[in-house]
$ cat target08.cif   # mmCIF, C-alpha atoms
data_data
#
loop_
_atom_site.group_PDB
_atom_site.id
_atom_site.type_symbol
_atom_site.label_atom_id
_atom_site.label_comp_id
_atom_site.auth_asym_id
_atom_site.auth_seq_id
_atom_site.Cartn_x
_atom_site.Cartn_y
_atom_site.Cartn_z
ATOM 1 C CA MET E 1 52.429 -108.315 59.283
ATOM 2 C CA LYS E 2 52.484 -104.498 59.418
ATOM 3 C CA HIS E 3 55.635 -104.503 57.306
ATOM 4 C CA ALA E 4 53.993 -106.733 54.685
ATOM 5 C CA LEU E 5 50.919 -104.478 54.539
ATOM 6 C CA ARG E 6 53.069 -101.356 54.218
ATOM 7 C CA MET E 7 55.142 -103.008 51.498
ATOM 8 C CA SER E 8 52.079 -104.141 49.530
ATOM 9 C CA GLY E 9 50.616 -100.621 49.840
ATOM 10 C CA PHE E 10 53.885 -99.166 48.526
ATOM 11 C CA VAL E 11 53.939 -101.637 45.610
ATOM 12 C CA ALA E 12 50.329 -100.749 44.740
ATOM 13 C CA LEU E 13 51.120 -97.027 44.890
ATOM 14 C CA ALA E 14 54.256 -97.449 42.741
ATOM 15 C CA THR E 15 52.305 -99.522 40.188
ATOM 16 C CA ALA E 16 49.532 -96.914 40.004
ATOM 17 C CA ALA E 17 52.095 -94.135 39.533
ATOM 18 C CA ALA E 18 53.764 -96.084 36.719
ATOM 19 C CA LEU E 19 50.434 -96.665 34.965
ATOM 20 C CA VAL E 20 49.513 -92.987 35.195
ATOM 21 C CA ALA E 21 52.910 -92.065 33.694
ATOM 22 C CA LEU E 22 52.455 -94.302 30.625
ATOM 23 C CA PRO E 23 49.998 -92.081 28.717
ATOM 24 C CA ALA E 24 52.234 -89.066 29.337
ATOM 25 C CA ALA E 25 55.073 -90.772 27.462
ATOM 26 C CA ALA E 26 52.919 -90.887 24.312
ATOM 27 C CA ALA E 27 52.464 -87.106 24.541
ATOM 28 C CA ASP E 28 56.223 -86.607 24.170
ATOM 29 C CA GLN E 29 56.095 -86.754 20.354
ATOM 30 C CA ASP E 30 57.745 -83.689 18.830
ATOM 31 C CA VAL E 31 57.331 -83.054 15.100
ATOM 32 C CA THR E 32 59.711 -80.089 14.919
ATOM 33 C CA GLY E 33 61.910 -80.403 11.834
ATOM 34 C CA THR E 34 61.821 -80.888 8.077
ATOM 35 C CA TRP E 35 59.592 -83.668 6.786
ATOM 36 C CA THR E 36 59.334 -85.176 3.323
ATOM 37 C CA MET E 37 55.840 -86.527 2.747
ATOM 38 C CA ASN E 38 55.140 -89.078 0.039
ATOM 39 C CA VAL E 39 51.547 -88.645 -1.113
ATOM 40 C CA GLU E 40 49.874 -91.324 -3.246
ATOM 41 C CA VAL E 41 46.893 -90.217 -5.354
ATOM 42 C CA PRO E 42 45.228 -92.050 -8.271
ATOM 43 C CA GLN E 43 46.953 -89.692 -10.741
ATOM 44 C CA GLY E 44 50.426 -90.419 -9.336
ATOM 45 C CA SER E 45 52.504 -89.365 -6.374
ATOM 46 C CA GLY E 46 54.138 -86.282 -4.945
ATOM 47 C CA SER E 47 56.729 -85.450 -2.293
ATOM 48 C CA PRO E 48 55.975 -82.124 -0.600
ATOM 49 C CA THR E 49 58.245 -80.801 2.145
ATOM 50 C CA PHE E 50 56.903 -79.571 5.482
ATOM 51 C CA THR E 51 59.099 -77.499 7.788
ATOM 52 C CA LEU E 52 57.419 -77.671 11.189
ATOM 53 C CA THR E 53 57.804 -76.082 14.611
ATOM 54 C CA GLN E 54 55.922 -77.436 17.610
ATOM 55 C CA GLU E 55 55.097 -75.519 20.784
ATOM 56 C CA GLY E 56 53.081 -77.656 23.182
ATOM 57 C CA GLN E 57 50.277 -79.153 21.091
ATOM 58 C CA ASP E 58 50.349 -76.380 18.454
ATOM 59 C CA ILE E 59 52.206 -76.795 15.163
ATOM 60 C CA THR E 60 53.139 -74.087 12.655
ATOM 61 C CA GLY E 61 55.365 -74.122 9.618
ATOM 62 C CA THR E 62 55.562 -74.049 5.844
ATOM 63 C CA TYR E 63 54.574 -76.362 3.001
ATOM 64 C CA GLU E 64 56.428 -76.545 -0.315
ATOM 65 C CA GLY E 65 55.145 -78.796 -3.049
ATOM 66 C CA TYR E 66 52.781 -79.218 -5.983
ATOM 67 C CA PHE E 67 50.581 -76.333 -4.792
ATOM 68 C CA GLY E 68 53.541 -73.947 -4.317
ATOM 69 C CA GLU E 69 54.223 -72.602 -0.832
ATOM 70 C CA ALA E 70 51.707 -72.239 1.977
ATOM 71 C CA PRO E 71 51.664 -71.718 5.733
ATOM 72 C CA VAL E 72 50.952 -74.807 7.853
ATOM 73 C CA THR E 73 48.892 -74.960 11.038
ATOM 74 C CA GLY E 74 48.196 -78.038 13.077
ATOM 75 C CA THR E 75 47.952 -79.849 16.355
ATOM 76 C CA ILE E 76 49.325 -82.958 17.987
ATOM 77 C CA GLU E 77 47.806 -84.943 20.819
ATOM 78 C CA GLY E 78 49.734 -88.010 21.892
ATOM 79 C CA ASP E 79 50.807 -89.538 18.595
ATOM 80 C CA GLU E 80 47.853 -88.159 16.580
ATOM 81 C CA VAL E 81 48.729 -85.248 14.311
ATOM 82 C CA THR E 82 46.738 -82.960 12.010
ATOM 83 C CA LEU E 83 48.429 -80.562 9.589
ATOM 84 C CA SER E 84 46.422 -78.126 7.454
ATOM 85 C CA ILE E 85 47.216 -75.875 4.505
ATOM 86 C CA GLU E 86 45.040 -73.690 2.314
ATOM 87 C CA VAL E 87 45.861 -73.698 -1.403
ATOM 88 C CA THR E 88 44.335 -72.876 -4.769
ATOM 89 C CA ALA E 89 43.549 -75.931 -6.913
ATOM 90 C CA GLN E 90 41.727 -75.813 -10.224
ATOM 91 C CA GLY E 91 40.853 -72.173 -9.535
ATOM 92 C CA GLN E 92 39.272 -72.923 -6.152
ATOM 93 C CA ASP E 93 40.496 -72.325 -2.613
ATOM 94 C CA VAL E 94 40.918 -75.716 -0.954
ATOM 95 C CA LYS E 95 41.788 -76.708 2.602
ATOM 96 C CA VAL E 96 44.094 -79.737 2.608
ATOM 97 C CA ASP E 97 44.333 -81.769 5.835
ATOM 98 C CA TYR E 98 47.015 -84.329 6.638
ATOM 99 C CA ILE E 99 45.622 -86.550 9.411
ATOM 100 C CA GLY E 100 47.789 -89.282 10.837
ATOM 101 C CA THR E 101 50.046 -90.652 13.510
ATOM 102 C CA VAL E 102 53.662 -89.953 14.416
ATOM 103 C CA ASP E 103 56.201 -92.528 15.561
ATOM 104 C CA GLY E 104 59.542 -90.824 16.159
ATOM 105 C CA ASN E 105 60.881 -89.823 12.734
ATOM 106 C CA THR E 106 58.008 -91.286 10.714
ATOM 107 C CA MET E 107 54.446 -90.161 10.104
ATOM 108 C CA SER E 108 51.588 -91.722 8.127
ATOM 109 C CA GLY E 109 47.904 -91.305 7.495
ATOM 110 C CA GLU E 110 45.490 -89.785 5.011
ATOM 111 C CA VAL E 111 45.280 -86.515 3.124
ATOM 112 C CA VAL E 112 41.872 -84.909 2.591
ATOM 113 C CA PHE E 113 41.779 -82.506 -0.380
ATOM 114 C CA GLY E 114 38.566 -80.725 0.571
ATOM 115 C CA GLU E 115 35.840 -81.856 -1.842
ATOM 116 C CA PHE E 116 38.413 -83.225 -4.309
ATOM 117 C CA GLY E 117 39.000 -86.538 -2.536
ATOM 118 C CA GLU E 118 41.453 -88.325 -0.309
ATOM 119 C CA ALA E 119 44.859 -89.962 -0.524
ATOM 120 C CA THR E 120 47.392 -91.620 1.741
ATOM 121 C CA PHE E 121 50.734 -90.280 2.899
ATOM 122 C CA THR E 122 53.896 -91.402 4.634
ATOM 123 C CA GLY E 123 56.477 -88.978 5.948
ATOM 124 C CA THR E 124 60.060 -89.078 7.121
ATOM 125 C CA ARG E 125 61.866 -86.442 9.153
ATOM 126 C CA ASP E 126 65.218 -85.239 7.803
ATOM 127 C CA GLU E 127 67.954 -87.023 9.786
ATOM 128 C CA SER E 128 69.801 -83.747 10.383
ATOM 129 C CA ASP E 129 66.831 -82.612 12.540
ATOM 130 C CA GLU E 130 67.257 -85.404 15.108
#
$ encode --input "target08.cif" --output "structure tokens"
Amino acid sequence: MKHALRMSGFVALATAAALVALPAAAADQDVTGTWTMNVEVPQGSGSPTFTLTQEGQDITGTYEGYFGEAPVTGTIEGDEVTLSIEVTAQGQDVKVDYIGTVDGNTMSGEVVFGEFGEATFTGTRDESDE
């Protein structure tokens, strides 16, 4: 009987440890690399490039696209990512936020162009960055 109780206690402890480890696996997303984002807006589409470096939850990098070049800042928590750039559009300074989720070499979500509206995006990491 003692052996059965010890074994069931061990199984319960092992199960609890496995469940605690599951959320940590989601935090292992790393967005470091070159990403091509496809942005769909009512006026058409664009394909800016983001070159990103991740250290812990902090993301830095560069944006190249319709608005020229701009530094990128952002964060990642689990699979949720936010990337931000500041650009000049129609003579106004605008903060553009890419808010989405990452799944390995793909990313998707929405783009918020300050007061100018929203759009959707999908992104793919360059295969040479794997």
$ resolve_selection --input "target08.cif" --expression "the PyMOL selection byres ((chain E and resi 112) around 9)" --output "list in words"
Lys95, Val96, Asp97, Tyr98, Ile99, Glu110, Val111, Phe113, Gly114, Glu115, Phe116, Gly117, Glu118, Ala119 and Thr120 of chain E
$ atom_distance --input "target08.cif" --atom1 "atom CA of E:Glu86" --atom2 "atom CA of E:Gly104"
26.4 Å
$ resolve_selection --input "target08.cif" --expression "the PyMOL selection byres ((chain E and resi 37) around 12)" --output "ChimeraX atom specification"
/E:34-36,38-40,45-51,63-66,83,98,100,105-111,119-126
$ atom_distance --input "target08.cif" --atom1 "atom CA of E:Val87" --atom2 "atom CA of E:Phe67"
6.4 Å
$ resolve_selection --input "target08.cif" --expression "the PyMOL selection byres ((chain E and resi 60) around 7)" --output "PyMOL selection string"
chain E and resi 52-54+58-59+61+72-74
$ atom_distance --input "target08.cif" --atom1 "atom CA of E:Val102" --atom2 "atom CA of E:Gln57"
13.1 Å
$ closest_residue --input "target08.cif" --among "E:Ile76, E:Ala89, E:Val41, E:Ala70" --to "E:Gly56" --atoms "all atoms listed in the file"
E:Ile76
